[in-house]
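So this one's data-v5.csv, CSV, C-alpha atoms:
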chain,number,residue,atom,x,y,z
X,834,MET,CA,140.2,-13.1,85.3
X,835,ASP,CA,142.8,-11.1,83.4
X,836,ALA,CA,142.2,-7.4,83.2
X,837,ARG,CA,144.0,-4.5,81.6
X,838,VAL,CA,143.6,-0.7,81.9
X,839,SER,CA,142.3,0.9,78.8
X,840,PRO,CA,143.6,4.2,77.4
X,841,LEU,CA,140.6,5.9,79.0
X,842,GLY,CA,141.7,4.7,82.4
X,843,SER,CA,139.0,2.1,83.1
X,844,ALA,CA,139.7,-1.5,83.8
X,845,VAL,CA,138.8,-3.8,80.9
X,846,ASP,CA,138.3,-7.5,81.3
X,847,LEU,CA,140.0,-9.1,78.4
X,848,SER,CA,139.4,-12.7,79.4
X,849,PRO,CA,137.0,-14.6,77.0
X,850,TYR,CA,135.6,-16.5,80.0
X,851,ARG,CA,133.4,-15.8,83.0
X,852,VAL,CA,134.9,-17.8,85.9
X,853,PHE,CA,132.7,-19.3,88.6
X,854,ASN,CA,133.8,-20.9,91.9
X,855,ARG,CA,132.0,-24.1,92.8
X,856,GLU,CA,129.5,-22.4,95.2
X,857,VAL,CA,128.4,-19.8,92.7
X,858,TRP,CA,128.2,-22.3,89.8
X,859,ALA,CA,126.1,-24.7,92.0
X,860,ASN,CA,123.5,-22.0,92.5
X,861,LEU,CA,122.9,-22.0,88.7
X,862,ARG,CA,121.3,-25.4,88.9
X,863,ALA,CA,117.9,-23.7,89.7
X,864,ASP,CA,115.2,-26.4,89.7
X,865,THR,CA,117.0,-28.9,87.5
X,866,PRO,CA,116.0,-32.3,89.0
X,867,LEU,CA,118.5,-34.9,90.2
X,868,THR,CA,117.8,-38.0,88.1
X,869,LEU,CA,120.8,-40.1,89.1
X,870,THR,CA,121.2,-42.4,92.1
X,871,SER,CA,124.4,-43.4,93.9
X,872,SER,CA,124.1,-46.8,92.2
X,873,ASP,CA,123.9,-45.1,88.8
X,874,LEU,CA,126.9,-43.0,89.5
X,875,LYS,CA,129.0,-45.9,90.6
X,876,LYS,CA,128.4,-47.5,87.1
X,877,LEU,CA,129.4,-44.3,85.3
X,878,GLN,CA,132.7,-43.4,86.9
X,879,SER,CA,136.0,-44.5,85.6
X,880,LEU,CA,138.8,-46.3,87.4
X,881,ASN,CA,140.6,-43.9,89.8
X,882,ASP,CA,138.2,-41.0,89.0
X,883,PRO,CA,136.0,-40.5,92.1
X,884,VAL,CA,132.8,-38.5,91.6
X,885,SER,CA,130.1,-38.0,94.2
X,886,LEU,CA,126.4,-37.0,94.1
X,887,ASP,CA,127.5,-33.6,95.4
X,888,ASP,CA,129.6,-33.3,92.2
X,889,VAL,CA,126.6,-34.1,90.1
X,890,ILE,CA,124.4,-31.7,92.0
X,891,GLU,CA,126.8,-28.8,92.2
X,892,ILE,CA,128.6,-29.1,88.8
X,893,TYR,CA,126.8,-31.4,86.4
X,894,LEU,CA,123.2,-30.3,87.0
X,895,PRO,CA,124.0,-26.6,86.3
X,896,LEU,CA,125.8,-27.7,83.1
X,897,SER,CA,122.9,-29.9,82.1
X,898,ARG,CA,120.6,-26.9,82.6
X,899,LEU,CA,122.9,-24.7,80.5
X,900,LEU,CA,123.1,-27.3,77.7
X,901,SER,CA,119.3,-27.6,77.7
X,902,LEU,CA,119.0,-23.9,77.0
X,903,TYR,CA,121.8,-24.0,74.3
X,904,VAL,CA,120.2,-27.0,72.6
X,905,ALA,CA,116.8,-25.3,72.5
X,906,ALA,CA,118.3,-22.1,71.2
X,907,THR,CA,120.3,-23.9,68.5
X,908,GLN,CA,117.2,-25.7,67.3
X,909,GLY,CA,115.3,-22.4,67.2
X,910,LEU,CA,118.1,-20.9,65.1
X,911,TYR,CA,118.1,-23.8,62.7
X,912,LYS,CA,114.4,-23.4,62.2
X,913,ALA,CA,114.7,-19.6,61.7
X,914,THR,CA,117.4,-20.2,59.1
X,915,GLN,CA,115.2,-22.7,57.2
X,916,ARG,CA,112.4,-20.1,57.2
X,917,PHE,CA,114.7,-17.4,55.9
X,918,LEU,CA,115.9,-19.6,53.1
X,919,MET,CA,112.3,-20.6,52.4
X,920,ALA,CA,113.5,-24.2,52.5
X,921,GLU,CA,111.6,-27.2,53.6
X,922,GLU,CA,112.6,-28.3,57.1
X,923,GLY,CA,114.9,-31.3,56.8
X,924,GLY,CA,115.8,-34.0,59.2
X,925,LYS,CA,116.9,-33.1,62.7
X,926,VAL,CA,120.4,-31.8,63.1
X,927,PRO,CA,122.2,-33.4,66.1
X,928,TYR,CA,123.7,-31.1,68.7
X,929,ILE,CA,127.3,-32.2,69.1
X,930,ILE,CA,129.2,-31.8,72.4
X,931,ALA,CA,132.9,-32.5,72.6
X,932,VAL,CA,134.8,-33.5,75.8
X,933,ALA,CA,138.5,-33.0,75.8
X,934,GLY,CA,141.5,-33.1,78.2
X,935,SER,CA,144.5,-35.0,79.2
X,936,VAL,CA,144.9,-38.7,79.7
X,937,SER,CA,143.7,-39.4,83.3
X,938,ALA,CA,141.8,-36.1,83.6
X,939,GLY,CA,138.4,-37.8,83.8
X,940,LYS,CA,137.0,-37.2,80.3
X,941,SER,CA,135.3,-40.6,80.1
X,942,THR,CA,133.5,-40.1,83.4
X,943,THR,CA,132.3,-36.6,82.4
X,944,ALA,CA,131.1,-37.9,79.0
X,945,ARG,CA,129.2,-40.7,80.5
X,946,LEU,CA,127.7,-38.5,83.2
X,947,LEU,CA,126.5,-36.0,80.6
X,948,LYS,CA,125.0,-38.8,78.5
X,949,ALA,CA,123.1,-40.1,81.4
X,950,LEU,CA,121.8,-36.7,82.5
X,951,LEU,CA,121.0,-35.3,79.1
X,952,SER,CA,119.1,-38.5,78.1
X,953,ARG,CA,116.9,-38.0,81.2
X,954,TRP,CA,115.6,-34.6,80.4
X,955,ALA,CA,111.8,-34.3,80.4
X,956,ASN,CA,111.6,-34.6,76.7
X,957,THR,CA,113.9,-37.7,76.8
X,958,PRO,CA,116.2,-36.9,73.9
X,959,LYS,CA,118.2,-39.6,72.2
X,960,VAL,CA,121.8,-39.1,73.3
X,961,GLU,CA,124.8,-41.1,71.9
X,962,LEU,CA,128.5,-41.2,72.9
X,963,ILE,CA,131.5,-41.9,70.7
X,964,THR,CA,135.1,-41.7,71.6
X,965,THR,CA,138.0,-40.9,69.2
X,966,ASP,CA,139.8,-44.1,70.2
X,967,GLY,CA,138.1,-46.0,67.5
X,968,PHE,CA,139.5,-43.6,64.9
X,969,LEU,CA,143.1,-44.4,65.9
X,970,LEU,CA,145.1,-46.0,63.1
X,971,PRO,CA,145.4,-49.7,63.7
X,972,ASN,CA,148.5,-50.9,65.5
X,973,ALA,CA,149.9,-52.5,62.4
X,974,GLU,CA,149.7,-49.1,60.5
X,975,LEU,CA,151.1,-47.2,63.5
X,976,GLN,CA,154.1,-49.7,63.6
X,977,ARG,CA,154.6,-49.3,59.9
X,978,LEU,CA,154.7,-45.5,60.2
X,979,GLY,CA,156.9,-45.6,63.4
X,980,LEU,CA,154.1,-44.0,65.4
X,981,MET,CA,153.5,-46.5,68.2
X,982,GLU,CA,155.2,-44.2,70.7
X,983,ARG,CA,153.0,-41.4,69.3
X,984,LYS,CA,149.7,-43.2,69.9
X,985,GLY,CA,147.2,-40.5,71.0
X,986,PHE,CA,149.1,-37.7,69.2
X,987,PRO,CA,147.1,-36.0,66.4
X,988,GLU,CA,149.0,-37.8,63.7
X,989,SER,CA,148.0,-41.2,65.1
X,990,TYR,CA,144.3,-40.7,64.1
X,991,ASP,CA,142.5,-41.2,60.8
X,992,ALA,CA,141.5,-37.5,60.6
X,993,GLY,CA,139.7,-38.0,57.3
X,994,ALA,CA,137.5,-40.7,58.8
X,995,ILE,CA,136.6,-38.5,61.8
X,996,LEU,CA,135.7,-35.6,59.5
X,997,LYS,CA,133.5,-37.9,57.3
X,998,PHE,CA,131.8,-39.4,60.4
X,999,LEU,CA,131.0,-36.0,61.9
X,1000,ALA,CA,129.8,-34.6,58.6
X,1001,ARG,CA,127.4,-37.5,58.0
X,1002,VAL,CA,126.1,-37.3,61.6
X,1003,LYS,CA,125.7,-33.5,61.3
X,1004,ALA,CA,123.8,-33.9,58.0
X,1005,GLY,CA,121.3,-36.1,59.7
X,1006,GLU,CA,122.2,-39.3,57.9
X,1007,ARG,CA,120.8,-42.6,59.2
X,1008,ASN,CA,123.0,-45.4,60.6
X,1009,VAL,CA,126.4,-43.8,60.4
X,1010,GLU,CA,129.1,-46.3,61.4
X,1011,ALA,CA,132.1,-45.6,63.7
X,1012,PRO,CA,135.0,-48.0,64.4
X,1013,VAL,CA,135.3,-49.6,67.8
X,1014,TYR,CA,138.4,-49.7,69.9
X,1015,SER,CA,139.3,-52.2,72.6
X,1016,HIS,CA,141.4,-51.0,75.5
X,1017,LEU,CA,142.0,-54.6,76.4
X,1018,VAL,CA,143.8,-55.5,73.2
X,1019,TYR,CA,144.9,-51.9,72.7
X,1020,ASP,CA,143.8,-51.8,69.1
X,1021,VAL,CA,140.9,-51.1,66.8
X,1022,LEU,CA,138.6,-54.1,66.4
X,1023,PRO,CA,138.4,-54.7,62.6
X,1024,ASP,CA,135.0,-56.6,62.7
X,1025,GLU,CA,133.1,-54.3,65.0
X,1026,VAL,CA,131.3,-50.9,64.5
X,1027,ALA,CA,129.1,-48.6,66.5
X,1028,VAL,CA,126.1,-47.3,64.7
X,1029,ILE,CA,124.8,-43.8,65.3
X,1030,ASP,CA,121.3,-43.3,64.0
X,1031,ARG,CA,120.3,-39.6,64.0
X,1032,PRO,CA,120.6,-38.8,67.7
X,1033,ASP,CA,119.3,-35.5,69.2
X,1034,ILE,CA,122.7,-35.1,70.9
X,1035,LEU,CA,126.1,-36.7,70.2
X,1036,ILE,CA,128.9,-36.5,72.8
X,1037,PHE,CA,132.3,-36.9,71.1
X,1038,GLU,CA,135.1,-37.6,73.6
X,1039,GLY,CA,138.9,-37.6,73.1
X,1040,ILE,CA,142.1,-36.0,74.1
X,1041,ASN,CA,142.7,-34.1,70.9
X,1042,VAL,CA,139.2,-33.2,69.7
X,1043,LEU,CA,139.8,-29.5,70.0
X,1044,GLN,CA,142.7,-29.3,67.5
X,1045,GLY,CA,142.7,-26.2,65.3
X,1046,PRO,CA,142.7,-25.9,61.5
X,1047,ARG,CA,145.5,-27.1,59.3
X,1048,LYS,CA,147.2,-24.5,57.1
X,1049,VAL,CA,145.2,-23.4,54.2
X,1050,LYS,CA,146.6,-24.5,50.8
X,1051,ASP,CA,146.0,-22.4,47.7
X,1052,GLY,CA,143.4,-20.4,49.5
X,1053,LYS,CA,141.1,-23.4,49.8
X,1054,PRO,CA,139.5,-23.9,53.2
X,1055,ILE,CA,140.3,-27.1,55.0
X,1056,PRO,CA,137.6,-28.3,57.4
X,1057,PHE,CA,138.7,-29.5,60.9
X,1058,ILE,CA,137.1,-31.6,63.5
X,1059,SER,CA,135.9,-28.8,65.8
X,1060,ASP,CA,134.0,-27.2,62.9
X,1061,PHE,CA,131.2,-29.7,63.7
X,1062,PHE,CA,130.9,-29.0,67.5
X,1063,ASP,CA,128.2,-26.9,69.0
X,1064,PHE,CA,129.6,-27.0,72.6
X,1065,THR,CA,133.0,-28.1,73.9
X,1066,VAL,CA,134.1,-29.0,77.4
X,1067,TYR,CA,137.8,-29.2,78.6
X,1068,ILE,CA,138.7,-31.0,81.8
X,1069,ASP,CA,141.7,-29.2,83.3
X,1070,ALA,CA,144.1,-30.0,86.1
X,1071,ASP,CA,147.7,-29.4,87.2
X,1072,GLU,CA,150.4,-31.4,85.4
X,1073,SER,CA,151.5,-32.8,88.7
X,1074,ASP,CA,148.0,-34.1,89.5
X,1075,LEU,CA,147.5,-35.6,86.1
X,1076,HIS,CA,150.8,-37.4,86.5
X,1077,ARG,CA,149.9,-38.7,89.9
X,1078,TRP,CA,146.5,-39.9,88.7
X,1079,TYR,CA,148.0,-41.6,85.7
X,1080,VAL,CA,150.4,-43.6,87.8
X,1081,GLN,CA,147.8,-44.5,90.3
X,1082,ARG,CA,145.5,-45.8,87.6
X,1083,PHE,CA,148.4,-47.7,86.0
X,1084,MET,CA,149.1,-49.4,89.3
X,1085,LYS,CA,145.4,-50.4,89.8
X,1086,LEU,CA,145.2,-51.7,86.2
X,1087,ARG,CA,148.3,-53.8,87.0
X,1088,GLU,CA,146.3,-55.6,89.6
X,1089,THR,CA,143.1,-55.9,87.5
X,1090,ALA,CA,142.8,-55.5,83.7
X,1091,PHE,CA,146.5,-56.1,82.9
X,1092,ARG,CA,146.2,-59.6,84.3
X,1093,ASP,CA,143.7,-60.7,81.6
X,1094,PRO,CA,145.6,-63.1,79.3
X,1095,LYS,CA,144.2,-61.1,76.3
X,1096,SER,CA,145.5,-57.8,77.6
X,1097,PHE,CA,148.1,-56.0,75.4
X,1098,PHE,CA,149.7,-54.9,78.7
X,1099,ARG,CA,149.8,-58.4,80.2
X,1100,ARG,CA,153.6,-58.1,80.6
X,1101,TYR,CA,153.2,-55.2,83.0
X,1102,ALA,CA,151.2,-57.4,85.4
X,1103,GLU,CA,154.4,-59.4,86.0
X,1104,LEU,CA,156.5,-56.4,87.1
X,1105,SER,CA,157.4,-55.8,90.7
X,1106,GLU,CA,155.8,-52.8,92.3
X,1107,ASP,CA,158.9,-50.7,91.9
X,1108,GLU,CA,159.4,-51.7,88.3
X,1109,ALA,CA,155.7,-51.0,87.5
X,1110,PHE,CA,156.0,-47.6,89.2
X,1111,ARG,CA,159.1,-46.7,87.1
X,1112,THR,CA,157.4,-47.9,84.0
X,1113,ALA,CA,154.3,-45.8,84.6
X,1114,ASN,CA,156.4,-42.7,85.2
X,1115,GLY,CA,158.4,-43.4,82.1
X,1116,LEU,CA,155.3,-43.7,79.9
X,1117,TRP,CA,153.9,-40.5,81.4
X,1118,GLU,CA,157.1,-38.5,80.8
X,1119,ARG,CA,158.0,-39.9,77.5
X,1120,ILE,CA,154.6,-40.0,75.8
X,1121,ASN,CA,151.6,-38.5,77.7
X,1122,LEU,CA,153.3,-35.4,79.1
X,1123,VAL,CA,154.8,-34.5,75.7
X,1124,ASN,CA,151.3,-34.9,74.1
X,1125,LEU,CA,149.8,-32.8,76.9
X,1126,ARG,CA,152.2,-29.9,76.5
X,1127,GLU,CA,152.5,-30.0,72.7
X,1128,ASN,CA,148.9,-30.8,71.6
X,1129,ILE,CA,146.3,-30.9,74.4
X,1130,VAL,CA,146.9,-27.8,76.6
X,1131,PRO,CA,147.2,-25.5,73.6
X,1132,THR,CA,143.6,-26.4,72.6
X,1133,ARG,CA,142.2,-25.4,76.1
X,1134,PRO,CA,141.4,-21.8,75.1
X,1135,ARG,CA,139.2,-23.1,72.3
X,1136,ALA,CA,136.7,-24.7,74.7
X,1137,SER,CA,133.3,-23.4,75.5
X,1138,LEU,CA,133.6,-24.4,79.1
X,1139,ILE,CA,136.6,-25.4,81.2
X,1140,MET,CA,136.2,-27.5,84.4
X,1141,ARG,CA,139.2,-27.1,86.7
X,1142,LYS,CA,139.9,-30.0,89.0
X,1143,GLY,CA,141.8,-29.9,92.3
X,1144,ALA,CA,144.3,-32.5,93.6
X,1145,ASP,CA,141.4,-34.7,94.9
X,1146,HIS,CA,139.6,-34.7,91.5
X,1147,ARG,CA,137.0,-32.3,92.9
X,1148,ILE,CA,136.0,-29.6,90.4
X,1149,GLU,CA,136.8,-26.3,92.0
X,1150,GLU,CA,136.2,-23.8,89.3
X,1151,VAL,CA,134.2,-23.5,86.0
X,1152,ALA,CA,135.0,-21.1,83.3
X,1153,LEU,CA,132.3,-20.4,80.7
X,1154,ARG,CA,133.1,-18.7,77.4
X,1155,LYS,CA,131.4,-15.4,77.0
X,1156,LEU,CA,129.0,-15.1,74.0
Is it possible to give me this structure as structure tokens?
Amino acid sequence: MDARVSPLGSAVDLSPYRVFNREVWANLRADTPLTLTSSDLKKLQSLNDPVSLDDVIEIYLPLSRLLSLYVAATQGLYKATQRFLMAEEGGKVPYIIAVAGSVSAGKSTTARLLKALLSRWANTPKVELITTDGFLLPNAELQRLGLMERKGFPESYDAGAILKFLARVKAGERNVEAPVYSHLVYDVLPDEVAVIDRPDILIFEGINVLQGPRKVKDGKPIPFISDFFDFTVYIDADESDLHRWYVQRFMKLRETAFRDPKSFFRRYAELSEDEAFRTANGLWERINLVNLRENIVPTRPRASLIMRKGADHRIEEVALRKL
């Protein structure tokens, strides 16, 4: 943690985070029960994102315990505010958890693990998961705007639709619809929607969900996506590891999903191994690395909690924002 010496001569810790190594963080699990089996875990992990029961026990169960405390405290604060305002208690207000980080960092696995663990709390809350992929502009619109090479960058999303969705969910509305994205066809599916019906907890996952506010115009406040989040998680790793994981995943997809005739990336399945390797590296350096440096990493300091991965995907360190 970063520290500076104050004018009075004492060391002052200026870091907004408390940093825990894996062993210390694991001890914070207390008596949180393990509710997942190896079979459950296998279904939850993404391609090329290994995760073990040890990871669940030492990393995710302490986080589950922390979130249970935060959710209870937030619900208590909401009720206290309602009493102060002498207002009738309205519908439940969902607790929204955001999961952010680079392409290939392991966001999807983390989001699915959290959903599985949180939904198995003793009071069995209703937990839903939505990704920002569905809010990408359709390919036809991206092509019209010249943004296909910027897919995944902040400007490639329908920010207004995301804000409206989160506002409606946070207001406790029933049956709020979200668009659905297909990684197979690499586009938003025009005739499909996901319906979110007043969950206790919503997990919102995406590479750029922690973006800050836009410039204020004429003194009028402009809402931004992270206004609606109660807790945020950032999955962190070295650039070199993210690069390597991306290429490894691309090469595995070349042998699996890319071979589907419906796949947008079907042409990559026909490349030789050397050509595929060069293509994957080119995509990383031209698109994903630029997005990482310009848009994703700058949002890391806004996270409530940062999970730091080592070269083998193992989470080695957890940083929790101080209250």
- prompt: Quick one: distance from CA of Arg1141 in chain X to CA of Asp1069 in chain X in Å, one decimal?
  reply: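 Atom-to-atom, CA of Arg1141 in chain X to CA of Asp1069 in chain X, that is 4.7 Å.
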message: So, with only C-alpha atoms as the atoms that count, which of X:Leu1153, X:Leu861, X:Ala1144, X:Val960 lies closest to Asp1033 in chain X?
response: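 Of X:Leu1153, X:Leu861, X:Ala1144, X:Val960, the one nearest Asp1033 in chain X is X:Val960, counting only C-alpha atoms.
Rounded to one decimal, CA of Ser952 in chain X and CA of Tyr990 in chain X lie 28.9 Å from each other.
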- request: Find the residues with any atom within 12 Å of (133.8, -40.9, 89.2); use only C-alpha atoms and the coordinates as given in the file, and write the answer as a ChimeraX atom specification.
  value: /X:871-889,937-946,1145-1148
Next, the residues of the selection above should be written as a tab-separated table (two decimals), keeping the file's coordinate frame with C-alpha atoms.
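Dumped everything to again_20.tsv:
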chain	number	residue	atom	x	y	z
X	871	SER	CA	124.40	-43.40	93.90
X	872	SER	CA	124.10	-46.80	92.20
X	873	ASP	CA	123.90	-45.10	88.80
X	874	LEU	CA	126.90	-43.00	89.50
X	875	LYS	CA	129.00	-45.90	90.60
X	876	LYS	CA	128.40	-47.50	87.10
X	877	LEU	CA	129.40	-44.30	85.30
X	878	GLN	CA	132.70	-43.40	86.90
X	879	SER	CA	136.00	-44.50	85.60
X	880	LEU	CA	138.80	-46.30	87.40
X	881	ASN	CA	140.60	-43.90	89.80
X	882	ASP	CA	138.20	-41.00	89.00
X	883	PRO	CA	136.00	-40.50	92.10
X	884	VAL	CA	132.80	-38.50	91.60
X	885	SER	CA	130.10	-38.00	94.20
X	886	LEU	CA	126.40	-37.00	94.10
X	887	ASP	CA	127.50	-33.60	95.40
X	888	ASP	CA	129.60	-33.30	92.20
X	889	VAL	CA	126.60	-34.10	90.10
X	937	SER	CA	143.70	-39.40	83.30
X	938	ALA	CA	141.80	-36.10	83.60
X	939	GLY	CA	138.40	-37.80	83.80
X	940	LYS	CA	137.00	-37.20	80.30
X	941	SER	CA	135.30	-40.60	80.10
X	942	THR	CA	133.50	-40.10	83.40
X	943	THR	CA	132.30	-36.60	82.40
X	944	ALA	CA	131.10	-37.90	79.00
X	945	ARG	CA	129.20	-40.70	80.50
X	946	LEU	CA	127.70	-38.50	83.20
X	1145	ASP	CA	141.40	-34.70	94.90
X	1146	HIS	CA	139.60	-34.70	91.50
X	1147	ARG	CA	137.00	-32.30	92.90
X	1148	ILE	CA	136.00	-29.60	90.40
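The residue that comes closest to Gln1044 in chain X, out of X:Arg1135, X:Arg1111, X:Arg1082, X:Arg1001 and on the basis of only C-alpha atoms, is X:Arg1135.
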task: Kindly indicate which residue among X:Asn1128, X:Ile963, X:Pro927, X:Ala1152 lies nearest to Glu988 in chain X, using all atoms listed in the file for the distances.
output: X:Asn1128
- line: The residue from X:Leu899, X:Ile1139, X:Ile892, X:Ala1004 with the smallest atom-to-atom distance to Glu856 in chain X, counting all atoms listed in the file, is X:Ile892
- line: Counting all atoms listed in the file, closest pick from X:Leu980, X:Ile1120, X:Val932, X:Leu896 relative to Thr1132 in chain X is X:Val932
- prompt: Can you tell me, as JSON, numbers by chain, what residues are no more than 10 Å from Phe1037 in chain X when counting all atoms listed in the file, ignoring any on the same chain fewer than 2 positions away?
  reply: {"X": [929, 930, 931, 932, 933, 944, 961, 962, 963, 964, 965, 999, 1034, 1035, 1039, 1042, 1062, 1065]}
Write out as a compact mmCIF listing (two decimals) with C-alpha atoms, in the coordinates of the input each polymer residue whose atoms come within 12 Å of Ala973 in chain X, counting all atoms listed in the file; drop sequence neighbours fewer than 4 positions from it.
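Written out: result_15.txt:
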# COMPACT_ATOMS: atom_id res chain seq x y z
CA LEU X 969 143.10 -44.40 65.90
CA ARG X 977 154.60 -49.30 59.90
CA LEU X 978 154.70 -45.50 60.20
CA GLY X 979 156.90 -45.60 63.40
CA LEU X 980 154.10 -44.00 65.40
CA MET X 981 153.50 -46.50 68.20
CA LYS X 984 149.70 -43.20 69.90
CA SER X 989 148.00 -41.20 65.10
CA TYR X 1019 144.90 -51.90 72.70
CA ASP X 1020 143.80 -51.80 69.10
CA VAL X 1021 140.90 -51.10 66.80
CA PRO X 1023 138.40 -54.70 62.60
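Candidate residues X:Leu900, X:Leu947, X:Val1013, X:Leu996 were compared for distance to Pro971 in chain X, and the nearest is X:Val1013, using all atoms listed in the file.
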Distance in Å - CA of Phe917 in chain X versus CA of Ala905 in chain X: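 CA of Ala905 in chain X lies 18.5 Å from CA of Phe917 in chain X.
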Starting from the point (116.4, -33.9, 84.8), work out which residues of protein, DNA or RNA have an atom no more than 12 Å away when counting only C-alpha atoms; state them as a compact mmCIF listing (two decimals) with C-alpha atoms, in the frame of the given file.
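The file below, point-v3.txt, is the result:
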# COMPACT_ATOMS: atom_id res chain seq x y z
CA ARG X 862 121.30 -25.40 88.90
CA ALA X 863 117.90 -23.70 89.70
CA ASP X 864 115.20 -26.40 89.70
CA THR X 865 117.00 -28.90 87.50
CA PRO X 866 116.00 -32.30 89.00
CA LEU X 867 118.50 -34.90 90.20
CA THR X 868 117.80 -38.00 88.10
CA LEU X 869 120.80 -40.10 89.10
CA VAL X 889 126.60 -34.10 90.10
CA ILE X 890 124.40 -31.70 92.00
CA TYR X 893 126.80 -31.40 86.40
CA LEU X 894 123.20 -30.30 87.00
CA PRO X 895 124.00 -26.60 86.30
CA LEU X 896 125.80 -27.70 83.10
CA SER X 897 122.90 -29.90 82.10
CA ARG X 898 120.60 -26.90 82.60
CA LEU X 900 123.10 -27.30 77.70
CA SER X 901 119.30 -27.60 77.70
CA LEU X 947 126.50 -36.00 80.60
CA LYS X 948 125.00 -38.80 78.50
CA ALA X 949 123.10 -40.10 81.40
CA LEU X 950 121.80 -36.70 82.50
CA LEU X 951 121.00 -35.30 79.10
CA SER X 952 119.10 -38.50 78.10
CA ARG X 953 116.90 -38.00 81.20
CA TRP X 954 115.60 -34.60 80.40
CA ALA X 955 111.80 -34.30 80.40
CA ASN X 956 111.60 -34.60 76.70
CA THR X 957 113.90 -37.70 76.80
CA PRO X 958 116.20 -36.90 73.90
task: Would you kindly return, as a list in words, each protein, DNA or RNA residue with an atom no farther than 6 Å from any atom of Ser1137 in chain X, considering only C-alpha atoms and excluding same-chain residues fewer than 6 positions away?
output: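 Residues near the query, excluding close chain neighbours: Phe1064, Thr1065, Val1066 and Arg1154 of chain X.
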Using 12 Å as the limit and counting all atoms listed in the file, can you tabulate each residue of range 959-1049 of chain X that touches range 1095-1110 of chain X, with its shortest atom-to-atom distance in Å and the two atoms involved, as CSV?
residue,atom,partner,partner_atom,distance
X:Asn972,CA,X:Phe1097,CA,11.1
X:Ser1015,CA,X:Ser1096,CA,9.7
X:His1016,CA,X:Ser1096,CA,8.2
X:Leu1017,CA,X:Ser1096,CA,4.9
X:Val1018,CA,X:Phe1097,CA,4.9
X:Tyr1019,CA,X:Phe1097,CA,5.9
X:Asp1020,CA,X:Phe1097,CA,8.7
